[in-house]
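Source file: data_29.pdb; contents: PDB, C-alpha atoms and all ligand atoms.
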MODEL        1
ATOM      1  CA  MET E  29     -23.325  -1.274 -19.068  1.00  0.00           C
ATOM      2  CA  ALA E  30     -23.287  -2.589 -22.637  1.00  0.00           C
ATOM      3  CA  PRO E  31     -26.509  -4.365 -23.667  1.00  0.00           C
ATOM      4  CA  THR E  32     -26.516  -8.102 -24.073  1.00  0.00           C
ATOM      5  CA  GLN E  33     -27.703  -9.563 -27.338  1.00  0.00           C
ATOM      6  CA  THR E  34     -30.165 -12.339 -26.589  1.00  0.00           C
ATOM      7  CA  GLN E  35     -31.363 -13.141 -30.113  1.00  0.00           C
ATOM      8  CA  PRO E  36     -28.615 -13.276 -32.726  1.00  0.00           C
ATOM      9  CA  LEU E  37     -28.098 -10.468 -35.192  1.00  0.00           C
ATOM     10  CA  GLU E  38     -28.853 -11.557 -38.764  1.00  0.00           C
ATOM     11  CA  LEU E  39     -26.063 -10.574 -41.156  1.00  0.00           C
ATOM     12  CA  TYR E  40     -26.587 -10.639 -44.926  1.00  0.00           C
ATOM     13  CA  TYR E  41     -23.127 -11.184 -46.248  1.00  0.00           C
ATOM     14  CA  TRP E  42     -20.680 -12.113 -48.914  1.00  0.00           C
ATOM     15  CA  SER E  43     -16.898 -12.353 -48.380  1.00  0.00           C
ATOM     16  CA  THR E  44     -15.996  -8.990 -49.929  1.00  0.00           C
ATOM     17  CA  PRO E  45     -14.350  -5.986 -48.239  1.00  0.00           C
ATOM     18  CA  ASN E  46     -17.678  -4.316 -47.397  1.00  0.00           C
ATOM     19  CA  GLY E  47     -19.015  -7.550 -45.936  1.00  0.00           C
ATOM     20  CA  ARG E  48     -15.863  -8.284 -43.982  1.00  0.00           C
ATOM     21  CA  LYS E  49     -15.991  -4.906 -42.216  1.00  0.00           C
ATOM     22  CA  ILE E  50     -19.051  -6.216 -40.412  1.00  0.00           C
ATOM     23  CA  THR E  51     -17.828  -9.736 -39.588  1.00  0.00           C
ATOM     24  CA  VAL E  52     -14.654  -8.169 -38.149  1.00  0.00           C
ATOM     25  CA  MET E  53     -16.750  -5.832 -35.967  1.00  0.00           C
ATOM     26  CA  LEU E  54     -19.088  -8.635 -34.845  1.00  0.00           C
ATOM     27  CA  GLU E  55     -16.116 -10.822 -33.968  1.00  0.00           C
ATOM     28  CA  GLU E  56     -14.519  -7.934 -32.050  1.00  0.00           C
ATOM     29  CA  LEU E  57     -17.766  -7.431 -30.129  1.00  0.00           C
ATOM     30  CA  GLY E  58     -18.211 -11.147 -29.483  1.00  0.00           C
ATOM     31  CA  VAL E  59     -21.979 -10.915 -29.912  1.00  0.00           C
ATOM     32  CA  PRO E  60     -24.106 -13.734 -31.378  1.00  0.00           C
ATOM     33  CA  TYR E  61     -24.851 -13.471 -35.104  1.00  0.00           C
ATOM     34  CA  ASN E  62     -26.031 -15.643 -37.958  1.00  0.00           C
ATOM     35  CA  VAL E  63     -24.500 -15.337 -41.394  1.00  0.00           C
ATOM     36  CA  ASN E  64     -26.928 -15.418 -44.312  1.00  0.00           C
ATOM     37  CA  PHE E  65     -24.764 -15.870 -47.398  1.00  0.00           C
ATOM     38  CA  ILE E  66     -25.869 -13.801 -50.386  1.00  0.00           C
ATOM     39  CA  GLU E  67     -23.801 -15.011 -53.330  1.00  0.00           C
ATOM     40  CA  ILE E  68     -23.549 -11.773 -55.290  1.00  0.00           C
ATOM     41  CA  GLY E  69     -21.801 -13.403 -58.263  1.00  0.00           C
ATOM     42  CA  LYS E  70     -24.953 -15.479 -58.744  1.00  0.00           C
ATOM     43  CA  GLY E  71     -27.262 -12.451 -58.333  1.00  0.00           C
ATOM     44  CA  GLU E  72     -28.783 -13.645 -55.053  1.00  0.00           C
ATOM     45  CA  GLN E  73     -28.961 -10.010 -53.899  1.00  0.00           C
ATOM     46  CA  ARG E  74     -31.475  -9.152 -56.617  1.00  0.00           C
ATOM     47  CA  THR E  75     -34.632 -10.530 -55.023  1.00  0.00           C
ATOM     48  CA  PRO E  76     -37.690  -8.576 -53.883  1.00  0.00           C
ATOM     49  CA  GLU E  77     -37.271 -10.051 -50.367  1.00  0.00           C
ATOM     50  CA  TYR E  78     -33.692  -8.847 -50.065  1.00  0.00           C
ATOM     51  CA  SER E  79     -34.548  -5.344 -51.339  1.00  0.00           C
ATOM     52  CA  LYS E  80     -36.570  -4.952 -48.123  1.00  0.00           C
ATOM     53  CA  ILE E  81     -33.233  -5.116 -46.283  1.00  0.00           C
ATOM     54  CA  SER E  82     -31.013  -3.385 -48.848  1.00  0.00           C
ATOM     55  CA  PRO E  83     -32.965  -1.075 -51.190  1.00  0.00           C
ATOM     56  CA  GLN E  84     -29.941  -1.050 -53.531  1.00  0.00           C
ATOM     57  CA  ASN E  85     -29.719  -4.862 -53.407  1.00  0.00           C
ATOM     58  CA  GLN E  86     -26.168  -4.966 -52.087  1.00  0.00           C
ATOM     59  CA  ILE E  87     -24.411  -6.627 -49.204  1.00  0.00           C
ATOM     60  CA  PRO E  88     -23.919  -6.117 -46.311  1.00  0.00           C
ATOM     61  CA  GLY E  89     -27.316  -5.912 -44.664  1.00  0.00           C
ATOM     62  CA  LEU E  90     -28.121  -6.384 -41.000  1.00  0.00           C
ATOM     63  CA  VAL E  91     -31.280  -7.153 -39.060  1.00  0.00           C
ATOM     64  CA  ASP E  92     -31.257  -6.645 -35.321  1.00  0.00           C
ATOM     65  CA  PRO E  93     -34.307  -8.277 -33.718  1.00  0.00           C
ATOM     66  CA  GLU E  94     -33.468  -6.280 -30.580  1.00  0.00           C
ATOM     67  CA  GLY E  95     -33.096  -2.805 -32.072  1.00  0.00           C
ATOM     68  CA  PRO E  96     -34.017   0.574 -30.554  1.00  0.00           C
ATOM     69  CA  GLY E  97     -36.898   0.240 -28.097  1.00  0.00           C
ATOM     70  CA  GLY E  98     -36.532  -3.543 -28.312  1.00  0.00           C
ATOM     71  CA  LYS E  99     -37.972  -3.485 -31.824  1.00  0.00           C
ATOM     72  CA  ARG E 100     -36.568  -5.120 -34.968  1.00  0.00           C
ATOM     73  CA  VAL E 101     -34.421  -2.780 -37.056  1.00  0.00           C
ATOM     74  CA  THR E 102     -33.039  -3.272 -40.559  1.00  0.00           C
ATOM     75  CA  LEU E 103     -29.837  -1.622 -41.781  1.00  0.00           C
ATOM     76  CA  PHE E 104     -27.889  -1.342 -45.007  1.00  0.00           C
ATOM     77  CA  GLU E 105     -24.646   0.582 -45.842  1.00  0.00           C
ATOM     78  CA  SER E 106     -21.557  -0.798 -44.126  1.00  0.00           C
ATOM     79  CA  GLY E 107     -20.561   2.539 -42.526  1.00  0.00           C
ATOM     80  CA  ALA E 108     -24.004   2.977 -40.979  1.00  0.00           C
ATOM     81  CA  ILE E 109     -23.926  -0.628 -39.734  1.00  0.00           C
ATOM     82  CA  LEU E 110     -20.512  -0.128 -38.097  1.00  0.00           C
ATOM     83  CA  MET E 111     -21.715   3.066 -36.411  1.00  0.00           C
ATOM     84  CA  TYR E 112     -24.925   1.414 -35.214  1.00  0.00           C
ATOM     85  CA  LEU E 113     -23.074  -1.520 -33.686  1.00  0.00           C
ATOM     86  CA  GLY E 114     -20.501   0.817 -32.132  1.00  0.00           C
ATOM     87  CA  ARG E 115     -23.256   2.908 -30.549  1.00  0.00           C
ATOM     88  CA  LYS E 116     -25.348  -0.043 -29.435  1.00  0.00           C
ATOM     89  CA  PHE E 117     -22.526  -1.906 -27.724  1.00  0.00           C
ATOM     90  CA  GLY E 118     -20.537   1.172 -26.675  1.00  0.00           C
ATOM     91  CA  ARG E 119     -17.263  -0.028 -28.198  1.00  0.00           C
ATOM     92  CA  PHE E 120     -14.829   1.054 -30.934  1.00  0.00           C
ATOM     93  CA  TYR E 121     -16.812   4.292 -31.494  1.00  0.00           C
ATOM     94  CA  PRO E 122     -16.188   6.870 -28.756  1.00  0.00           C
ATOM     95  CA  LEU E 123     -19.381   8.840 -28.259  1.00  0.00           C
ATOM     96  CA  ASP E 124     -18.531  10.811 -25.109  1.00  0.00           C
ATOM     97  CA  ASP E 125     -15.255  12.281 -26.320  1.00  0.00           C
ATOM     98  CA  GLU E 126     -16.137  14.689 -29.126  1.00  0.00           C
ATOM     99  CA  LEU E 127     -12.582  15.009 -30.489  1.00  0.00           C
ATOM    100  CA  ALA E 128     -12.148  11.233 -30.630  1.00  0.00           C
ATOM    101  CA  ARG E 129     -15.580  10.848 -32.231  1.00  0.00           C
ATOM    102  CA  ILE E 130     -14.767  13.459 -34.897  1.00  0.00           C
ATOM    103  CA  ALA E 131     -11.595  11.541 -35.783  1.00  0.00           C
ATOM    104  CA  VAL E 132     -13.472   8.227 -36.117  1.00  0.00           C
ATOM    105  CA  GLU E 133     -16.219   9.773 -38.235  1.00  0.00           C
ATOM    106  CA  MET E 134     -13.789  11.577 -40.553  1.00  0.00           C
ATOM    107  CA  TRP E 135     -11.896   8.375 -41.291  1.00  0.00           C
ATOM    108  CA  VAL E 136     -15.006   6.221 -41.668  1.00  0.00           C
ATOM    109  CA  MET E 137     -16.396   8.808 -44.119  1.00  0.00           C
ATOM    110  CA  TRP E 138     -13.063   8.913 -45.933  1.00  0.00           C
ATOM    111  CA  GLN E 139     -13.148   5.150 -46.312  1.00  0.00           C
ATOM    112  CA  MET E 140     -16.767   5.157 -47.502  1.00  0.00           C
ATOM    113  CA  GLY E 141     -16.390   8.096 -49.889  1.00  0.00           C
ATOM    114  CA  ASP E 142     -12.836   7.679 -51.160  1.00  0.00           C
ATOM    115  CA  PHE E 143     -10.762   4.640 -50.222  1.00  0.00           C
ATOM    116  CA  GLY E 144     -13.415   1.970 -50.904  1.00  0.00           C
ATOM    117  CA  PRO E 145     -14.916   3.379 -54.111  1.00  0.00           C
ATOM    118  CA  ILE E 146     -11.501   4.267 -55.586  1.00  0.00           C
ATOM    119  CA  LEU E 147     -10.036   0.841 -54.840  1.00  0.00           C
ATOM    120  CA  GLY E 148     -13.216  -0.799 -56.127  1.00  0.00           C
ATOM    121  CA  GLN E 149     -12.894   1.006 -59.465  1.00  0.00           C
ATOM    122  CA  ALA E 150      -9.201   0.074 -59.669  1.00  0.00           C
ATOM    123  CA  HIS E 151     -10.099  -3.588 -59.071  1.00  0.00           C
ATOM    124  CA  HIS E 152     -12.705  -3.420 -61.791  1.00  0.00           C
ATOM    125  CA  TYR E 153     -10.412  -1.927 -64.435  1.00  0.00           C
ATOM    126  CA  ASN E 154      -7.415  -4.046 -63.398  1.00  0.00           C
ATOM    127  CA  LEU E 155      -9.297  -7.330 -63.377  1.00  0.00           C
ATOM    128  CA  SER E 156     -12.855  -7.400 -64.610  1.00  0.00           C
ATOM    129  CA  ALA E 157     -13.483  -4.881 -67.388  1.00  0.00           C
ATOM    130  CA  PRO E 158     -14.295  -6.809 -70.575  1.00  0.00           C
ATOM    131  CA  VAL E 159     -11.899  -4.588 -72.527  1.00  0.00           C
ATOM    132  CA  GLU E 160      -8.658  -2.981 -71.400  1.00  0.00           C
ATOM    133  CA  VAL E 161      -9.252   0.729 -70.821  1.00  0.00           C
ATOM    134  CA  PRO E 162      -5.805   2.321 -70.292  1.00  0.00           C
ATOM    135  CA  TYR E 163      -7.258   5.732 -69.424  1.00  0.00           C
ATOM    136  CA  SER E 164      -9.333   4.250 -66.580  1.00  0.00           C
ATOM    137  CA  ILE E 165      -6.500   2.048 -65.327  1.00  0.00           C
ATOM    138  CA  GLU E 166      -4.256   5.116 -65.190  1.00  0.00           C
ATOM    139  CA  ARG E 167      -6.907   7.336 -63.605  1.00  0.00           C
ATOM    140  CA  PHE E 168      -7.747   4.895 -60.806  1.00  0.00           C
ATOM    141  CA  THR E 169      -4.190   3.720 -60.219  1.00  0.00           C
ATOM    142  CA  LYS E 170      -3.188   7.344 -59.607  1.00  0.00           C
ATOM    143  CA  ALA E 171      -6.172   7.818 -57.299  1.00  0.00           C
ATOM    144  CA  VAL E 172      -5.258   4.635 -55.374  1.00  0.00           C
ATOM    145  CA  HIS E 173      -1.775   5.972 -54.710  1.00  0.00           C
ATOM    146  CA  ARG E 174      -3.122   9.363 -53.658  1.00  0.00           C
ATOM    147  CA  SER E 175      -5.374   7.624 -51.098  1.00  0.00           C
ATOM    148  CA  TYR E 176      -2.472   5.496 -49.855  1.00  0.00           C
ATOM    149  CA  ARG E 177      -0.316   8.622 -49.461  1.00  0.00           C
ATOM    150  CA  THR E 178      -3.094  10.110 -47.317  1.00  0.00           C
ATOM    151  CA  LEU E 179      -3.383   6.947 -45.210  1.00  0.00           C
ATOM    152  CA  ASN E 180       0.371   6.538 -44.885  1.00  0.00           C
ATOM    153  CA  GLY E 181       0.737  10.173 -43.768  1.00  0.00           C
ATOM    154  CA  ARG E 182      -1.956   9.777 -41.139  1.00  0.00           C
ATOM    155  CA  LEU E 183      -0.466   6.540 -39.829  1.00  0.00           C
ATOM    156  CA  GLY E 184       2.870   8.315 -39.437  1.00  0.00           C
ATOM    157  CA  GLU E 185       1.175  10.465 -36.765  1.00  0.00           C
ATOM    158  CA  VAL E 186      -1.014   7.951 -34.922  1.00  0.00           C
ATOM    159  CA  GLU E 187      -1.013   4.240 -34.171  1.00  0.00           C
ATOM    160  CA  TYR E 188      -4.500   3.549 -35.530  1.00  0.00           C
ATOM    161  CA  VAL E 189      -6.275   5.752 -38.065  1.00  0.00           C
ATOM    162  CA  ALA E 190      -8.449   7.549 -35.524  1.00  0.00           C
ATOM    163  CA  GLY E 191      -5.933   7.347 -32.647  1.00  0.00           C
ATOM    164  CA  ASP E 192      -7.279   4.327 -30.769  1.00  0.00           C
ATOM    165  CA  TYR E 193      -8.388   1.146 -32.563  1.00  0.00           C
ATOM    166  CA  SER E 194     -11.898   1.791 -33.874  1.00  0.00           C
ATOM    167  CA  ILE E 195     -14.518   1.102 -36.513  1.00  0.00           C
ATOM    168  CA  ALA E 196     -12.418   3.298 -38.845  1.00  0.00           C
ATOM    169  CA  ASP E 197      -9.659   0.653 -38.877  1.00  0.00           C
ATOM    170  CA  MET E 198     -12.264  -2.056 -39.412  1.00  0.00           C
ATOM    171  CA  ALA E 199     -13.659  -0.138 -42.404  1.00  0.00           C
ATOM    172  CA  ILE E 200     -10.251   0.353 -44.035  1.00  0.00           C
ATOM    173  CA  TYR E 201      -8.489  -2.947 -43.300  1.00  0.00           C
ATOM    174  CA  PRO E 202     -10.534  -5.341 -45.503  1.00  0.00           C
ATOM    175  CA  TRP E 203     -10.066  -3.004 -48.480  1.00  0.00           C
ATOM    176  CA  ALA E 204      -6.303  -2.694 -47.911  1.00  0.00           C
ATOM    177  CA  ALA E 205      -6.221  -6.510 -47.680  1.00  0.00           C
ATOM    178  CA  ARG E 206      -6.990  -6.563 -51.419  1.00  0.00           C
ATOM    179  CA  PHE E 207      -3.667  -4.806 -52.113  1.00  0.00           C
ATOM    180  CA  GLU E 208      -2.770  -7.230 -54.898  1.00  0.00           C
ATOM    181  CA  ARG E 209      -5.896  -6.319 -56.822  1.00  0.00           C
ATOM    182  CA  HIS E 210      -5.096  -2.609 -56.677  1.00  0.00           C
ATOM    183  CA  ARG E 211      -1.430  -3.370 -57.156  1.00  0.00           C
ATOM    184  CA  VAL E 212       0.011  -1.666 -54.096  1.00  0.00           C
ATOM    185  CA  ASP E 213       3.251  -2.755 -52.473  1.00  0.00           C
ATOM    186  CA  PHE E 214       3.126  -1.943 -48.747  1.00  0.00           C
ATOM    187  CA  ASN E 215       6.915  -1.479 -48.768  1.00  0.00           C
ATOM    188  CA  ASP E 216       6.162   1.834 -50.511  1.00  0.00           C
ATOM    189  CA  TYR E 217       3.925   2.797 -47.569  1.00  0.00           C
ATOM    190  CA  PRO E 218       5.788   1.751 -44.405  1.00  0.00           C
ATOM    191  CA  ASN E 219       3.301   3.254 -41.947  1.00  0.00           C
ATOM    192  CA  VAL E 220       0.438   1.433 -43.664  1.00  0.00           C
ATOM    193  CA  LYS E 221       2.513  -1.750 -43.554  1.00  0.00           C
ATOM    194  CA  ARG E 222       3.071  -1.434 -39.789  1.00  0.00           C
ATOM    195  CA  TRP E 223      -0.643  -0.740 -39.201  1.00  0.00           C
ATOM    196  CA  PHE E 224      -1.778  -3.532 -41.563  1.00  0.00           C
ATOM    197  CA  GLU E 225       0.344  -6.103 -39.727  1.00  0.00           C
ATOM    198  CA  THR E 226      -0.841  -4.894 -36.303  1.00  0.00           C
ATOM    199  CA  VAL E 227      -4.531  -4.911 -37.214  1.00  0.00           C
ATOM    200  CA  GLY E 228      -4.231  -8.199 -39.136  1.00  0.00           C
ATOM    201  CA  ALA E 229      -2.704  -9.908 -36.090  1.00  0.00           C
ATOM    202  CA  ARG E 230      -5.849  -9.357 -34.008  1.00  0.00           C
ATOM    203  CA  PRO E 231      -7.611 -12.724 -33.529  1.00  0.00           C
ATOM    204  CA  ALA E 232     -11.053 -11.167 -34.145  1.00  0.00           C
ATOM    205  CA  VAL E 233      -9.838  -9.641 -37.403  1.00  0.00           C
ATOM    206  CA  LYS E 234      -8.509 -13.019 -38.535  1.00  0.00           C
ATOM    207  CA  ARG E 235     -11.839 -14.666 -37.698  1.00  0.00           C
ATOM    208  CA  GLY E 236     -13.914 -11.927 -39.338  1.00  0.00           C
ATOM    209  CA  MET E 237     -11.846 -11.980 -42.522  1.00  0.00           C
ATOM    210  CA  ALA E 238     -12.176 -15.765 -42.764  1.00  0.00           C
ATOM    211  CA  VAL E 239     -15.983 -15.930 -42.766  1.00  0.00           C
ATOM    212  CA  MET E 240     -16.818 -17.541 -46.092  1.00  0.00           C
ATOM    213  CA  LYS E 241     -19.530 -19.741 -47.550  1.00  0.00           C
ATOM    214  CA  PRO E 242     -18.476 -23.360 -46.968  1.00  0.00           C
ATOM    215  CA  GLY E 243     -16.920 -24.742 -50.122  1.00  0.00           C
ATOM    216  CA  TYR E 244     -16.414 -21.342 -51.745  1.00  0.00           C
ATOM    217  CA  VAL E 245     -12.900 -20.494 -52.915  1.00  0.00           C
ATOM    218  CA  ASP E 246     -11.887 -16.818 -52.668  1.00  0.00           C
ATOM    219  CA  ARG E 247     -10.074 -15.541 -55.747  1.00  0.00           C
ATOM    220  CA  GLY E 248      -7.896 -13.556 -53.329  1.00  0.00           C
ATOM    221  CA  GLY E 249      -5.474 -11.226 -55.026  1.00  0.00           C
ATOM    222  CA  ALA E 250      -5.671 -12.769 -58.481  1.00  0.00           C
ATOM    223  CA  VAL E 251      -4.387 -10.171 -60.902  1.00  0.00           C
ATOM    224  CA  ASN E 252      -5.134 -10.132 -64.601  1.00  0.00           C
ATOM    225  CA  PRO E 253      -1.652 -10.053 -66.168  1.00  0.00           C
ATOM    226  CA  ALA E 254      -2.975  -8.315 -69.270  1.00  0.00           C
ATOM    227  CA  ARG E 255      -3.817  -5.270 -67.179  1.00  0.00           C
ATOM    228  CA  ALA E 256      -0.753  -5.302 -64.941  1.00  0.00           C
ATOM    229  CA  LYS E 257       1.533  -3.422 -67.320  1.00  0.00           C
ATOM    230  CA  ALA E 258      -0.781  -0.414 -67.663  1.00  0.00           C
ATOM    231  CA  ALA E 259      -1.182  -0.167 -63.878  1.00  0.00           C
ATOM    232  CA  GLU E 260       2.566  -0.334 -63.357  1.00  0.00           C
ATOM    233  CA  ALA E 261       3.173   2.431 -65.870  1.00  0.00           C
ATOM    234  CA  ALA E 262       0.541   4.665 -64.247  1.00  0.00           C
ATOM    235  CA  ALA E 263       2.055   4.204 -60.793  1.00  0.00           C
ATOM    236  CA  GLU E 264       5.435   5.576 -61.908  1.00  0.00           C
TER     237      GLU E 264
HETATM  238  N1  LIG Y   1     -21.811   1.582 -50.029  1.00  0.00           N
HETATM  239  C1  LIG Y   1     -22.148   0.201 -49.844  1.00  0.00           C
HETATM  240  C2  LIG Y   1     -21.525  -0.611 -50.943  1.00  0.00           C
HETATM  241  C3  LIG Y   1     -21.918  -2.061 -50.863  1.00  0.00           C
HETATM  242  C4  LIG Y   1     -21.343  -2.851 -52.015  1.00  0.00           C
HETATM  243  O1  LIG Y   1     -20.703  -2.302 -52.934  1.00  0.00           O
HETATM  244  N2  LIG Y   1     -21.568  -4.158 -51.976  1.00  0.00           N
HETATM  245  C5  LIG Y   1     -21.114  -5.016 -53.047  1.00  0.00           C
HETATM  246  C6  LIG Y   1     -20.163  -6.069 -52.525  1.00  0.00           C
HETATM  247  S1  LIG Y   1     -18.759  -5.366 -51.714  1.00  0.00           S
HETATM  248  C7  LIG Y   1     -22.295  -5.715 -53.673  1.00  0.00           C
HETATM  249  O2  LIG Y   1     -23.248  -6.067 -52.999  1.00  0.00           O
HETATM  250  N3  LIG Y   1     -22.219  -5.934 -54.987  1.00  0.00           N
HETATM  251  C8  LIG Y   1     -23.227  -6.611 -55.730  1.00  0.00           C
HETATM  252  C9  LIG Y   1     -24.101  -5.665 -56.509  1.00  0.00           C
HETATM  253  O3  LIG Y   1     -23.877  -4.437 -56.467  1.00  0.00           O
HETATM  254  O4  LIG Y   1     -25.017  -6.141 -57.184  1.00  0.00           O
HETATM  255  C10 LIG Y   1     -21.663  -0.270 -48.467  1.00  0.00           C
HETATM  256  O5  LIG Y   1     -20.595   0.172 -48.050  1.00  0.00           O
HETATM  257  O6  LIG Y   1     -22.355  -1.063 -47.813  1.00  0.00           O
ENDMDL
END
Would you mind writing the file out in structure tokens?
Ligand SMILES: N[C@@H](CCC(=O)N[C@@H](CS)C(=O)NCC(=O)O)C(=O)O
Amino acid sequence: MAPTQTQPLELYYWSTPNGRKITVMLEELGVPYNVNFIEIGKGEQRTPEYSKISPQNQIPGLVDPEGPGGKRVTLFESGAILMYLGRKFGRFYPLDDELARIAVEMWVMWQMGDFGPILGQAHHYNLSAPVEVPYSIERFTKAVHRSYRTLNGRLGEVEYVAGDYSIADMAIYPWAARFERHRVDFNDYPNVKRWFETVGARPAVKRGMAVMKPGYVDRGGAVNPARAKAAEAAAE
């Protein structure tokens, strides 16, 4: 039987893709949690207190007052947090079926090592770099499309990335949701489009994606027009 969570989990969060992976999972699990907003744009992550939770001073972080052996445990790294929650509550991370577990772990690792970092770099050079760097825009735009080809190919074989709906989908979805920032048109990736609409229609995913500091306005897919032309050229 899955454990019950008596004291709420403490989530250290900002409404970015890596943060939203965890709110989606917590909403799917339906367990009690408190959101501690860490406004990264204001540098709130760079405090000595917070480095006790995240040694790299990044979100997300999680504290479970009812960790292994009933003792408090502190976690950082979104992939590790998803795996911990999946193991603890026995959901979305199949532990008894080795083939299913391998599939989940491969796609979580792929998201952590490729999809997220590549898209993150593309967002930076498309939107935030203080100077336009055409070489970097081209390099990361090409890498984005390579990753999408991989994802689209996989989703042509299975309904969800690891077969059944799992933490792998929760890791990938919030990054794909920033498609405007990495300038991807899902019509070019029909299997991704089908999957994105299916996952996005889940009520828990909608709730998890919507967790935001009251009063804060998400920039959403705002694209810097000055960089758009270089990204378009690289995608051709
Ligand atoms: N590998 C980490 C990456 C975490 C990460 O990049 N967090 C970003 C927000 S999505 C952050 O905290 N940025 C602020 C900073 O690095 O100072 C994870 O997946 O948890």
For ligand LIG 1 (chain Y), list the contacting residues at 8 Å or closer, counting only C-alpha atoms and all ligand atoms, as JSON, numbers by chain.
{"E": [42, 43, 44, 45, 46, 47, 68, 69, 71, 73, 74, 84, 85, 86, 87, 88, 89, 104, 105, 106, 107, 140, 144]}
What would the list of residues within 12 Å of (-10.7, -3.0, -60.3) (file frame) look like as a ChimeraX atom specification, if only C-alpha atoms are what count?
/E:144-158,160-161,164-169,172,203,206-211,249-252,255-256,259
Just to be explicit: take each residue in the selection above, keep C-alpha atoms, and write the result as a compact mmCIF listing (two decimals), in the coordinates of the input.
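Once everything was written out, this is part.txt:
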# COMPACT_ATOMS: atom_id res chain seq x y z
CA GLY E 144 -13.42 1.97 -50.90
CA PRO E 145 -14.92 3.38 -54.11
CA ILE E 146 -11.50 4.27 -55.59
CA LEU E 147 -10.04 0.84 -54.84
CA GLY E 148 -13.22 -0.80 -56.13
CA GLN E 149 -12.89 1.01 -59.46
CA ALA E 150 -9.20 0.07 -59.67
CA HIS E 151 -10.10 -3.59 -59.07
CA HIS E 152 -12.70 -3.42 -61.79
CA TYR E 153 -10.41 -1.93 -64.44
CA ASN E 154 -7.42 -4.05 -63.40
CA LEU E 155 -9.30 -7.33 -63.38
CA SER E 156 -12.86 -7.40 -64.61
CA ALA E 157 -13.48 -4.88 -67.39
CA PRO E 158 -14.30 -6.81 -70.58
CA GLU E 160 -8.66 -2.98 -71.40
CA VAL E 161 -9.25 0.73 -70.82
CA SER E 164 -9.33 4.25 -66.58
CA ILE E 165 -6.50 2.05 -65.33
CA GLU E 166 -4.26 5.12 -65.19
CA ARG E 167 -6.91 7.34 -63.60
CA PHE E 168 -7.75 4.89 -60.81
CA THR E 169 -4.19 3.72 -60.22
CA VAL E 172 -5.26 4.64 -55.37
CA TRP E 203 -10.07 -3.00 -48.48
CA ARG E 206 -6.99 -6.56 -51.42
CA PHE E 207 -3.67 -4.81 -52.11
CA GLU E 208 -2.77 -7.23 -54.90
CA ARG E 209 -5.90 -6.32 -56.82
CA HIS E 210 -5.10 -2.61 -56.68
CA ARG E 211 -1.43 -3.37 -57.16
CA GLY E 249 -5.47 -11.23 -55.03
CA ALA E 250 -5.67 -12.77 -58.48
CA VAL E 251 -4.39 -10.17 -60.90
CA ASN E 252 -5.13 -10.13 -64.60
CA ARG E 255 -3.82 -5.27 -67.18
CA ALA E 256 -0.75 -5.30 -64.94
CA ALA E 259 -1.18 -0.17 -63.88
Go through E:Pro231, E:Gly236, E:Gly243, E:Gly98 and flag the residue nearest E:Tyr41, using all atoms listed in the file for the distances.
E:Gly236
Within 12 Å of stretch 49-64 of chain E: each stretch 134-210 of chain E residue with its shortest pair, only C-alpha atoms, as a Markdown table:
| residue | atom | partner | partner_atom | distance |
| --- | --- | --- | --- | --- |
| E:Val136 | CA | E:Lys49 | CA | 11.2 |
| E:Gln139 | CA | E:Lys49 | CA | 11.2 |
| E:Met140 | CA | E:Lys49 | CA | 11.4 |
| E:Gly144 | CA | E:Lys49 | CA | 11.4 |
| E:Tyr193 | CA | E:Glu56 | CA | 11.0 |
| E:Ser194 | CA | E:Met53 | CA | 9.3 |
| E:Ile195 | CA | E:Met53 | CA | 7.3 |
| E:Ala196 | CA | E:Lys49 | CA | 9.6 |
| E:Asp197 | CA | E:Lys49 | CA | 9.1 |
| E:Met198 | CA | E:Lys49 | CA | 5.5 |
| E:Ala199 | CA | E:Lys49 | CA | 5.3 |
| E:Ile200 | CA | E:Lys49 | CA | 8.0 |
| E:Tyr201 | CA | E:Lys49 | CA | 7.8 |
| E:Pro202 | CA | E:Lys49 | CA | 6.4 |
| E:Trp203 | CA | E:Lys49 | CA | 8.8 |
| E:Ala204 | CA | E:Lys49 | CA | 11.5 |
| E:Ala205 | CA | E:Lys49 | CA | 11.3 |
Those selected residues, please, written with C-alpha atoms and delivered as a PDB file, keeping the file's coordinate frame.
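Okay, this is what ended up in out.pdb:
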ATOM      1  CA  VAL E 136     -15.006   6.221 -41.668  1.00  0.00           C
ATOM      2  CA  GLN E 139     -13.148   5.150 -46.312  1.00  0.00           C
ATOM      3  CA  MET E 140     -16.767   5.157 -47.502  1.00  0.00           C
ATOM      4  CA  GLY E 144     -13.415   1.970 -50.904  1.00  0.00           C
ATOM      5  CA  TYR E 193      -8.388   1.146 -32.563  1.00  0.00           C
ATOM      6  CA  SER E 194     -11.898   1.791 -33.874  1.00  0.00           C
ATOM      7  CA  ILE E 195     -14.518   1.102 -36.513  1.00  0.00           C
ATOM      8  CA  ALA E 196     -12.418   3.298 -38.845  1.00  0.00           C
ATOM      9  CA  ASP E 197      -9.659   0.653 -38.877  1.00  0.00           C
ATOM     10  CA  MET E 198     -12.264  -2.056 -39.412  1.00  0.00           C
ATOM     11  CA  ALA E 199     -13.659  -0.138 -42.404  1.00  0.00           C
ATOM     12  CA  ILE E 200     -10.251   0.353 -44.035  1.00  0.00           C
ATOM     13  CA  TYR E 201      -8.489  -2.947 -43.300  1.00  0.00           C
ATOM     14  CA  PRO E 202     -10.534  -5.341 -45.503  1.00  0.00           C
ATOM     15  CA  TRP E 203     -10.066  -3.004 -48.480  1.00  0.00           C
ATOM     16  CA  ALA E 204      -6.303  -2.694 -47.911  1.00  0.00           C
ATOM     17  CA  ALA E 205      -6.221  -6.510 -47.680  1.00  0.00           C
TER      18      ALA E 205
END
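Picture a line from atom CA of E:Ala190 to atom CA of E:Leu90; it runs 24.7 Å.
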As an exercise, work out the distance from atom CA of E:Val239 to atom CA of E:Ser79 in Å and give it to one decimal place.
23.0 Å
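Nearest to E:Lys221 of all the residues E:Glu126, E:Glu187, E:Glu67, E:Asp192 is E:Glu187, counting only C-alpha atoms.
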